[in-house]
Structure formats: C-alpha cells, structure tokens
2 protein chains.
Amino acid sequence: MANNPRKKNPPEEDSKVIPLIKGRRATSYDVARLAGVSQSAVSRCFKPGSSISGKMRERVMKAAKELEYQPNAIARGLITQRSNLVAVLVSGRLNLYYPEALFKITEELSAAGLRALLFTVETEEDAEAVIEQAWQFQVDGVISASHMSQEQYQLLEKRKIPVVFFNRYFADHPNTVVYCDPTEQVEELADRLAELGHERAALINGPMDNMVSRERMKMSKSALAKSGLKVVAEVQGDFSYESGAAGLQELQQAAEQPSVIICINDMMAMGCIDEARSVLGLNVPQDLSIISFDGIGMSQFASYELTTIRQPIGRMSEAAVRMITERVERPDQSHEKRVFEGAVIQGGSIARAPS
Amino acid sequence: MANNPRKKNPPEEDSKVIPLIKGRRATSYDVARLAGVSQSAVSRCFKPGSSISGKMRERVMKAAKELEYQPNAIARGLITQRSNLVAVLVSGRLNLYYPEALFKITEELSAAGLRALLFTVETEEDAEAVIEQAWQFQVDGVISASHMSQEQYQLLEKRKIPVVFFNRYFADHPNTVVYCDPTEQVEELADRLAELGHERAALINGPMDNMVSRERMKMSKSALAKSGLKVVAEVQGDFSYESGAAGLQELQQAAEQPSVIICINDMMAMGCIDEARSVLGLNVPQDLSIISFDGIGMSQFASYELTTIRQPIGRMSEAAVRMITERVERPDQSHEKRVFEGAVIQGGSIARAPS
DNA sequence: TATAGATTTGCATTCGAATGCAAAAATGCT
DNA sequence: AGCATTTTTGCATTCGAATGCAAATCTATA
C-alpha cells in the first residue's frame, strides 16, 4: 500500500492525499491531517498533563470531534505497557454473594479508569486457563474472588502481575487482601444465643477447600465454646440452597438435636429454613434458631429475615480497587491486608430455645 | 536504545546480543532468537492453520515454553484489527436474572475464544459513556442486556460494531436479537386460571420504559381477556422485591379485589408473596394466586415455589454468543431474531379461586 | 532590539505480532 | 540426476499511539 502517511522513504511518488476511507475508523493521523498538525500533537491532546498550547488543543479537538476520533486503547496499551484491563475472577454457581460484589467492583474499576475483564472460575483447573488468558491480554492486575492455588498465585507474582484477593488469602505467603473478619460478631451472636437459653448447636459448613468456609467454621466453634454452647453435630454443604436443605436432613440423624444451627453462608441458611418449615414442619425460630454469614440482599426477604453477619461488600469492593490501582502504580510496595469487620443484622431467625 | 532486534539501519555497530532483561516479558523476538529462527516463524507457530514444518514448530515451542512465552493479545489485536473482546452490558441493580445470564454468556464467550469486557449500565447516560469506552477498546462486538437508546444503537451500527440484544429490540429498526416470547405460556396459564375459577386479575407491571416489561404486560392482558378474566387493577413496580411488596399494598386500594396477581417478574412476585403472607396475613395460594415471569433459580425456593414462565437462559446465552461471533465474522449478513419459547414452571403459587 | 530562557511542536522511533512477497528448501516426477 | 512444483522460511512492513530529543516558536528581560 502506498497510501501510508508514515511511509519513510517514498523514493519518487510523493505524498498522495489519502482520502479517509469510508467507514474506516479515524486514527490520530487522520485527525492530524485534518487539523494540519503532527500526529504527536494529537496524541498529546489526549494525554492529560502534556505540554500543549490552548490554540493547538482547540484545533485538534475540533478535528477529532468531526472525525469522531477516540484514541485506540489497544495501540496505546502496546506502547505504554498498560492495558487498563483488570481481570476479575469470580465463581458464579453457588453463591449470590458474588454478583453483588462483582457489580460493585466493576463500577469502582470503571471510576478508576480501568475495565473489568470478566472470568468465571469454578475450579483450580479453570483458574489455570484463566491466568494464561489474563496474561495474554496483558492485564494490569487481577482481583480474585475465586479458586486459586498457591502455585498459580506465585506464577502471577513471578510475572509481576499484582493480585488482590477478595475474601481469601494465603497465610504463609505475603499477599494483598481485602477480607471480612466476623469473629467479634460471631462471638456477639454466640453470647446472645447463650442468653436465649441455647445449649446445643450444629454447624452446616461449606466446602473445606474454601478458606472463608474454614475460617468461619473455626471461629464459630470457638465462639460457641466460649459462650458455653456445645456443638452436637456438623455437616458439610457446598454453599448452595439445596445443600442447606440437605444438611438439615442429615442433621436429623444426630444423636443429640441442636436448638440452633449455624450456617456458613446465607444461601444454605435459606435452604435450611425452607426445609425445616416445609418438610420437617418446624417453626423457625420458635423450634429452631438459625444464624449465618454474608448478609446478601435476599437474606432479608420477609420469608427469611435471617439473623446474619453482613460483609460490607461496598466498602470491600472499593478497597479492592484502590489496592489494585496502588499496586499497579507501585508494584514493589509492601503487601497490605485490609480487614473489615462484619455487622450483625438482627433478623428474626433466632429466638429463645425451646424447653 | 541500540538493543532493538529490529533496528533497520544500524550503520556501524552491529547486532549486539541482547540479554533477555530479567523480569521482562518474553516476546516473539526473544523466542525466535533462542530457537534460532525468525520472528515470523514464531508468529506462525501460534497461529493455527499457518504453514509450518513439524520440526520448526517443535523447536519454537520448546523455546517458547522455556521463556514462558504467550503471544501478546494486545499487539495481535492491533495488527489483526480484532481485539477478541466483547463488551457485555448488564444492569445489575434490580433483577437477579442478569447475573445468571451474565455468567452463562461469559462462559460461552470464553469457549468461543472471546473475552467479556464487563460494563454495568443503569441508565441511558451510562450507556453513552460505556459505548465510548467499548469503542476505545476496539471491542469486536457488544451484547446488550441493558438500557440503550435507538440513537446509541445507530451510533454503534455506524461504527460497524455488531450488537446483539438480549431480551430487547427496536421494533422499527433491523437488529439482531435473542428473545424469549412467553405468549403461549401466558395463554396457557390464563386458561388454567380460568379453569380454577378466577375472574378478577391484577397486574404488577415493571418500568414502562422497559420493553420486556411492556410486552409482558400486553400479552398478559390479552391472554386474560381471551380466557375471560377481567383486569381489575394494575400498578407499576421497578422489578425489585420491594416494589413487588409495595405494589401489593397499592392494589389494596382498588375498588375490586383480584383473586390472582400477575407479576411481570419473579423478584416482584416474591416481594408480593411475602407482603401478602407476613403483612396482610393472606395465604398464598389459597387466598391469592400469583404468577410471574423469568424462572430465576430463587423462584423455586420452598418459600415461594412460584408458578412462573421460565426463560431458557442457557440456550439464549449460547445463541447470543453464536450470533455475535457470526456477525463479527460476517458483519454484513442480514439481521436475525431468535425467539425462544418460555416454559411454564408448575409451582405452588396458584390455586382455586376463593369463593 | 537583541538574546537568554521557557514553552511548544514535529521528527523519528518504539511497543509486539501478523502477513504479502520473494527466496530457499523440500518434494515429486521423468 | 535434473527440472518443475510445492512447501517452508525469512525479510520488511504494518497496525495506532506515545515519547525522547531537537528544532522552532514564544516570552521575558536587559
């Protein structure tokens, strides 16, 4: 093609005027030509903080508007080595708590001038593939609210891609984390349960390969112990509504029956409540108290009104985005772990223990 | 920098060997150098269908593995004019039906070798900004499940960015659409209601600026009329749980009370049921029947067990992705509208009309 | 008005991979 | 083996914006 504005050595034939090919997207060269300035000038106009005179800016902007020019983020990314893309890894299946966080994170990223490249990750094998994809797309950072092995994390570190973990972290490895620690609130609730005369509790846990799940289980047990409640049984679910219902059924087998059940997330608590009411014919909370974790929107629907421990998702999402932008700017700064407190939502799913 | 492998006219100083700078990401040149071949060869190895001998491929791949080389999708996008990015526009706030579709769409895109660039859009002004962003990032296409004005759509068309609408379309403008048409199912349900002795229905509508909402309202009314039911009142909500509850309260003012309420989506139906039971002390379905649209996962929780019309979200998402890939390949092919039927979920939220 | 200093502008190159074309190598055929 | 084909390979250029550096213009001062 001879019609390249940047041809370096056009031996004979000189600068044919290239009409803007109909339908072709305008480039900085097109704008430059129309405004009668250099391409550099156009570039500088679109980069805040560049040295440009008012007159020039005006001329360029006028031409840019006429051609509907917007800088090509791909080309820019190539030269600046910044894609302005952040990979967001979420797990969708089981927990409605993710969408809430996801939308918030996306909005915050957007406000920070970054775009969310969304990946769904259900297993560690998924994570493997996703990490390679993210690497190919030169993402500036990763926000992970899903599965990721330590090796996978280390690979990202080695590649100098900042990672912020959302509600999970590696204890024996420095990392940047946003986290909600509901320990105090669990203790508060355990106290409250003791006051209400409860003595026997059961747990419906989440998957044991999940950190949040393990932590919540641990803190629940120790809080219960501290308040003098006994754990009479525990079963395992997978965070889903169905597994909450199934968990309650399984608990029926226990030698000693609990008067209160701690569900490791809201979704299972809802399954548990529904099963208790509609299958076992129990009244919640009169016959059986239930508490849980997360505080997702649905948990306060009138059918459930869970007494639960809310995570401040909005603030956590904000923090995650702030942390990722900071790490993108200064990759070598030290790691940080931001821990938020939970907040008890006084719902209607606990009551005095039946006598 | 003299250490550029591609320097074109290095007059005196000749090809210094450039050590791979520690930590720098490997490029196709690094791989080429290590394997002792040309950069083109490396490029061809990573492009399926290129003419490459087995021996060469092997050598290159070995070097690539050693350097952990993965092609730079940004650079590739610049030259091929394909970013492999698809903007996905969703509205998060009100309807849990979006996350379900969003995750499915993301997975399908991924399977098709495309990445989802996620944008949350709550208003048409948002859409404006989002469209510019998507344009800057050279997205190959847009899947829109949210607000978008006809002007905005035309702007995208003019820019030759294929758009697939998810559950919305412009009637007087050709466009590519995935859509669920529950007309038959509404008629089926209306018939069923008539059989159950219902005579008076009320509607809780969604926002009138929303097409799905308007269509569902219209088809509900005509189905009810056809089956001989009278619409005694209608109120407007905003798709949210709360607005369903409020809607029911508002309906209490009506001169004639309905024995069945049609909610334009599940979320409002859930609000409506909860309000009926816990505030008005009504039994659903004995005192009041309720039907709705969407068939989101929650609608089948035991507390609700909605009789609703499910959209085949999985198949719709698949179709949306297939359509976007087709339009990316052949931008000038004619528009297509894929209409899926709904499916009645026989829940427990309707019963014989009270006498 | 001349000149030093500050500011603005343009030139040329760069980022990393893809690709048309021609040269080189491999293959088939007589 | 010799020549015509076919297949591989490499060279050079391209995509679009950013930027270091030098040239050009403007401003301030004597």
# chains A, B, ... in the order shown; residues from 1 in each chain; ligands from 1

call {"tool": "interface_residues", "arguments": {"of": "chain B", "to": "chain A", "cutoff": "8 Å", "atoms": "only C-alpha atoms", "output": "ChimeraX atom specification"}}
result
/B:23,25,70-75,77-78,83,92,99,103,106-107,115-120,132,135-138,158-160,271,274-275,278,301-303

call {"tool": "closest_atom_pairs", "arguments": {"of": "chain C", "to": "chain B", "cutoff": "9 Å", "atoms": "only C-alpha atoms (C1' of nucleotides)", "output": "Markdown table"}}
result
| residue | atom | partner | partner_atom | distance |
| --- | --- | --- | --- | --- |
| C:DC15 | C1' | B:Ala75 | CA | 8.1 |
| C:DG16 | C1' | B:Ala75 | CA | 5.1 |
| C:DA17 | C1' | B:Arg76 | CA | 5.1 |
| C:DA18 | C1' | B:Ile79 | CA | 6.3 |
| C:DT19 | C1' | B:Ser40 | CA | 8.7 |

call {"tool": "write_last_selection", "arguments": {"atoms": "C-alpha atoms (C1' of nucleotides)", "output": "tab-separated table (two decimals), in the first residue's frame"}}
result
chain	number	residue	atom	x	y	z
C	15	DC	C1'	5.83	-1.26	21.50
C	16	DG	C1'	4.89	-6.89	19.68
C	17	DA	C1'	2.78	-9.75	16.45
C	18	DA	C1'	0.92	-10.69	11.65
C	19	DT	C1'	1.45	-11.12	6.79

call {"tool": "select_by_dssp", "arguments": {"residues": "stretch 126-221 of chain A", "states": "strand (DSSP E or B)", "output": "VMD selection string"}}
result
chain A and resid 141 to 145 163 to 166 176 to 181 200 to 205

call {"tool": "select_by_dssp", "arguments": {"residues": "stretch 77-284 of chain B", "states": "helix (DSSP H, G or I)", "output": "JSON, numbers by chain"}}
result
{"B": [77, 78, 79, 80, 97, 98, 99, 100, 101, 102, 103, 104, 105, 106, 107, 108, 109, 110, 111, 124, 125, 126, 127, 128, 129, 130, 131, 132, 133, 134, 135, 136, 150, 151, 152, 153, 154, 155, 156, 157, 158, 183, 184, 185, 186, 187, 188, 189, 190, 191, 192, 193, 194, 195, 211, 212, 213, 214, 215, 216, 217, 218, 219, 220, 221, 222, 223, 224, 225, 226, 241, 242, 243, 244, 245, 246, 247, 248, 249, 250, 251, 266, 267, 268, 269, 270, 271, 272, 273, 274, 275, 276, 277, 278, 279]}

call {"tool": "interface_residues", "arguments": {"of": "chain D", "to": "chain A", "cutoff": "12 Å", "atoms": "only C-alpha atoms (C1' of nucleotides)", "output": "ChimeraX atom specification"}}
result
/D:13-19,25-26

call {"tool": "residues_around", "arguments": {"residues": "B:Arg310", "least_positions_apart": "4", "cutoff": "6 Å", "atoms": "only C-alpha atoms (C1' of nucleotides)", "output": "ChimeraX atom specification"}}
result
/B:294-295,342-343

call {"tool": "residues_around", "arguments": {"residues": "D:DA30", "least_positions_apart": "4", "cutoff": "12 Å", "atoms": "only C-alpha atoms (C1' of nucleotides)", "output": "PyMOL selection string"}}
result
chain C and resi 1-4

call {"tool": "write_last_selection", "arguments": {"atoms": "C-alpha atoms (C1' of nucleotides)", "output": "compact mmCIF listing (two decimals), in the first residue's frame"}}
result
# COMPACT_ATOMS: atom_id res chain seq x y z
C1' DT C 1 16.05 45.26 19.63
C1' DA C 2 18.86 41.50 20.78
C1' DT C 3 19.35 37.45 23.48
C1' DA C 4 18.71 34.07 27.02

call {"tool": "residues_around", "arguments": {"residues": "B:Thr183", "least_positions_apart": "6", "cutoff": "9 Å", "atoms": "only C-alpha atoms (C1' of nucleotides)", "output": "PyMOL selection string"}}
result
chain B and resi 216+219-220+223+341-342

call {"tool": "write_last_selection", "arguments": {"atoms": "N, CA and C atoms", "output": "PDB file, in the first residue's frame"}}
result
ATOM      1  N   ARG B 216     -44.654  -7.995  28.191  1.00  0.00           N
ATOM      2  CA  ARG B 216     -45.281  -8.956  29.093  1.00  0.00           C
ATOM      3  C   ARG B 216     -46.629  -8.450  29.580  1.00  0.00           C
ATOM      4  N   MET B 219     -49.119  -8.854  26.628  1.00  0.00           N
ATOM      5  CA  MET B 219     -49.558 -10.225  26.357  1.00  0.00           C
ATOM      6  C   MET B 219     -50.363 -10.792  27.519  1.00  0.00           C
ATOM      7  N   SER B 220     -50.054 -10.357  28.716  1.00  0.00           N
ATOM      8  CA  SER B 220     -50.821 -10.819  29.864  1.00  0.00           C
ATOM      9  C   SER B 220     -52.266 -10.349  29.744  1.00  0.00           C
ATOM     10  N   ALA B 223     -54.096 -12.187  27.045  1.00  0.00           N
ATOM     11  CA  ALA B 223     -54.347 -13.579  27.416  1.00  0.00           C
ATOM     12  C   ALA B 223     -55.486 -13.663  28.434  1.00  0.00           C
ATOM     13  N   GLU B 341     -39.190 -19.993  23.061  1.00  0.00           N
ATOM     14  CA  GLU B 341     -40.419 -20.098  23.829  1.00  0.00           C
ATOM     15  C   GLU B 341     -40.088 -20.106  25.308  1.00  0.00           C
ATOM     16  N   GLY B 342     -41.042 -19.701  26.098  1.00  0.00           N
ATOM     17  CA  GLY B 342     -40.891 -19.874  27.537  1.00  0.00           C
ATOM     18  C   GLY B 342     -41.298 -21.286  27.919  1.00  0.00           C
TER      19      GLY B 342
END

call {"tool": "atom_distance", "arguments": {"atom1": "atom C1' of C:DG10", "atom2": "atom C1' of D:DA23"}}
result
8.1 Å

call {"tool": "residues_around", "arguments": {"residues": "A:Pro162", "least_positions_apart": "2", "cutoff": "12 Å", "atoms": "only C-alpha atoms (C1' of nucleotides)", "output": "PyMOL selection string"}}
result
chain A and resi 86-87+134-135+138-144+153-160+164-165+175-177+320-321+323-335

call {"tool": "write_last_selection", "arguments": {"atoms": "C-alpha atoms", "output": "mmCIF file, in the first residue's frame"}}
result
data_model
loop_
_atom_site.group_PDB
_atom_site.id
_atom_site.type_symbol
_atom_site.label_atom_id
_atom_site.label_comp_id
_atom_site.auth_asym_id
_atom_site.auth_seq_id
_atom_site.Cartn_x
_atom_site.Cartn_y
_atom_site.Cartn_z
ATOM 1 C CA VAL A 86 -8.106 -5.794 35.235
ATOM 2 C CA ALA A 87 -9.064 -9.437 35.294
ATOM 3 C CA ALA A 134 -5.224 -12.801 31.521
ATOM 4 C CA TRP A 135 -1.505 -12.898 30.853
ATOM 5 C CA GLN A 138 -1.624 -8.020 29.500
ATOM 6 C CA VAL A 139 -3.979 -7.251 32.314
ATOM 7 C CA ASP A 140 -2.610 -4.675 34.695
ATOM 8 C CA GLY A 141 -3.877 -6.626 37.657
ATOM 9 C CA VAL A 142 -6.091 -9.385 38.938
ATOM 10 C CA ILE A 143 -8.847 -9.302 41.509
ATOM 11 C CA SER A 144 -9.557 -12.822 42.589
ATOM 12 C CA TYR A 153 -0.558 -17.119 42.662
ATOM 13 C CA GLN A 154 3.183 -17.432 42.639
ATOM 14 C CA LEU A 155 3.161 -17.652 38.882
ATOM 15 C CA LEU A 156 1.320 -14.343 38.740
ATOM 16 C CA GLU A 157 3.753 -12.842 41.194
ATOM 17 C CA LYS A 158 6.682 -14.001 39.154
ATOM 18 C CA ARG A 159 5.124 -12.361 36.153
ATOM 19 C CA LYS A 160 4.746 -9.180 38.162
ATOM 20 C CA VAL A 164 -5.715 -8.602 45.156
ATOM 21 C CA PHE A 165 -7.560 -11.372 46.911
ATOM 22 C CA ASN A 175 -0.243 -11.078 49.652
ATOM 23 C CA THR A 176 -2.611 -8.196 49.237
ATOM 24 C CA VAL A 177 -6.001 -8.908 50.631
ATOM 25 C CA ALA A 320 -10.018 -3.902 46.471
ATOM 26 C CA VAL A 321 -9.996 -1.494 43.570
ATOM 27 C CA MET A 323 -5.448 -1.559 46.324
ATOM 28 C CA ILE A 324 -5.142 -2.861 42.813
ATOM 29 C CA THR A 325 -4.589 0.620 41.403
ATOM 30 C CA GLU A 326 -1.939 1.293 44.019
ATOM 31 C CA ARG A 327 -0.142 -1.894 43.253
ATOM 32 C CA VAL A 328 -0.288 -1.163 39.554
ATOM 33 C CA GLU A 329 1.340 2.213 40.175
ATOM 34 C CA ARG A 330 3.924 0.916 42.611
ATOM 35 C CA PRO A 331 4.378 -2.798 42.084
ATOM 36 C CA ASP A 332 7.058 -3.105 44.691
ATOM 37 C CA GLN A 333 5.271 -1.572 47.597
ATOM 38 C CA SER A 334 4.718 -3.852 50.506
ATOM 39 C CA HIS A 335 1.668 -6.029 50.768
#

call {"tool": "decode", "arguments": {"residues": "stretch 14-28 of chain D", "atoms": "N, CA and C atoms (P, O5', C5', C4', C3', O3' and C1' of nucleotides)", "output": "compact mmCIF listing (two decimals), in the first residue's frame"}}
result
# COMPACT_ATOMS: atom_id res chain seq x y z
P DT D 14 4.53 -0.05 5.00
O5' DT D 14 3.43 -0.51 6.05
C5' DT D 14 2.49 -1.53 5.68
C4' DT D 14 1.74 -1.98 6.92
C3' DT D 14 1.28 -0.83 7.81
O3' DT D 14 -0.12 -0.67 7.65
C1' DT D 14 2.21 -2.67 9.07
P DC D 15 -0.79 0.70 8.12
O5' DC D 15 -1.44 0.26 9.50
C5' DC D 15 -2.42 -0.77 9.54
C4' DC D 15 -2.63 -1.19 10.97
C3' DC D 15 -2.80 -0.01 11.92
O3' DC D 15 -4.19 0.20 12.12
C1' DC D 15 -1.28 -1.67 12.81
P DG D 16 -4.73 1.68 12.02
O5' DG D 16 -4.25 2.32 13.40
C5' DG D 16 -4.89 1.92 14.58
C4' DG D 16 -4.23 2.61 15.75
C3' DG D 16 -4.21 4.14 15.64
O3' DG D 16 -4.61 4.64 16.89
C1' DG D 16 -2.04 3.33 16.04
P DA D 17 -4.77 6.19 17.15
O5' DA D 17 -3.69 6.38 18.28
C5' DA D 17 -3.92 5.68 19.50
C4' DA D 17 -2.66 5.65 20.31
C3' DA D 17 -2.22 7.00 20.88
O3' DA D 17 -1.96 6.78 22.25
C1' DA D 17 -0.43 5.96 19.73
P DA D 18 -1.67 7.96 23.25
O5' DA D 18 -0.12 7.76 23.46
C5' DA D 18 0.30 6.59 24.12
C4' DA D 18 1.79 6.62 24.31
C3' DA D 18 2.33 7.88 24.98
O3' DA D 18 3.36 7.44 25.85
C1' DA D 18 3.37 7.60 22.89
P DT D 19 3.92 8.32 27.02
O5' DT D 19 5.34 8.75 26.45
C5' DT D 19 6.28 7.73 26.14
C4' DT D 19 7.49 8.37 25.48
C3' DT D 19 7.88 9.74 26.03
O3' DT D 19 9.30 9.77 26.13
C1' DT D 19 7.65 9.88 23.73
P DG D 20 9.99 10.41 27.40
O5' DG D 20 11.51 10.47 26.92
C5' DG D 20 12.12 9.31 26.33
C4' DG D 20 13.24 9.74 25.39
C3' DG D 20 14.07 10.94 25.84
O3' DG D 20 15.41 10.77 25.37
C1' DG D 20 12.89 11.50 23.86
P DC D 21 16.56 11.77 25.73
O5' DC D 21 16.63 12.68 24.43
C5' DC D 21 16.85 12.06 23.17
C4' DC D 21 16.64 13.08 22.07
C3' DC D 21 17.31 14.43 22.31
O3' DC D 21 18.17 14.70 21.23
C1' DC D 21 15.07 14.70 21.59
P DA D 22 19.21 15.91 21.33
O5' DA D 22 18.75 16.80 20.10
C5' DA D 22 18.52 16.18 18.83
C4' DA D 22 17.63 17.09 18.01
C3' DA D 22 18.16 18.53 17.90
O3' DA D 22 17.94 18.97 16.56
C1' DA D 22 15.97 18.55 18.76
P DA D 23 18.62 20.30 16.02
O5' DA D 23 17.40 21.08 15.38
C5' DA D 23 16.45 20.35 14.59
C4' DA D 23 15.18 21.15 14.52
C3' DA D 23 15.39 22.64 14.23
O3' DA D 23 14.49 23.01 13.20
C1' DA D 23 14.09 22.37 16.20
P DA D 24 14.41 24.50 12.63
O5' DA D 24 13.15 25.09 13.38
C5' DA D 24 11.90 24.44 13.21
C4' DA D 24 10.88 25.12 14.08
C3' DA D 24 10.79 26.64 13.90
O3' DA D 24 9.42 26.98 13.74
C1' DA D 24 11.04 26.13 16.18
P DT D 25 9.00 28.42 13.19
O5' DT D 25 8.34 29.06 14.48
C5' DT D 25 7.24 28.40 15.11
C4' DT D 25 7.12 28.88 16.53
C3' DT D 25 6.94 30.39 16.69
O3' DT D 25 5.60 30.63 17.09
C1' DT D 25 8.36 29.47 18.34
P DC D 26 5.08 32.12 17.27
O5' DC D 26 5.30 32.32 18.83
C5' DC D 26 4.66 31.41 19.74
C4' DC D 26 5.18 31.68 21.14
C3' DC D 26 4.99 33.13 21.61
O3' DC D 26 4.28 33.12 22.85
C1' DC D 26 7.21 32.40 22.02
P DT D 27 3.79 34.47 23.52
O5' DT D 27 4.89 34.68 24.64
C5' DT D 27 5.06 33.70 25.66
C4' DT D 27 6.13 34.17 26.62
C3' DT D 27 5.96 35.62 27.10
O3' DT D 27 5.92 35.61 28.52
C1' DT D 27 8.19 35.22 26.33
P DA D 28 5.78 36.93 29.36
O5' DA D 28 7.30 37.17 29.76
C5' DA D 28 8.05 36.08 30.32
C4' DA D 28 9.45 36.58 30.64
C3' DA D 28 9.52 37.97 31.28
O3' DA D 28 10.45 37.92 32.34
C1' DA D 28 10.82 37.94 29.31
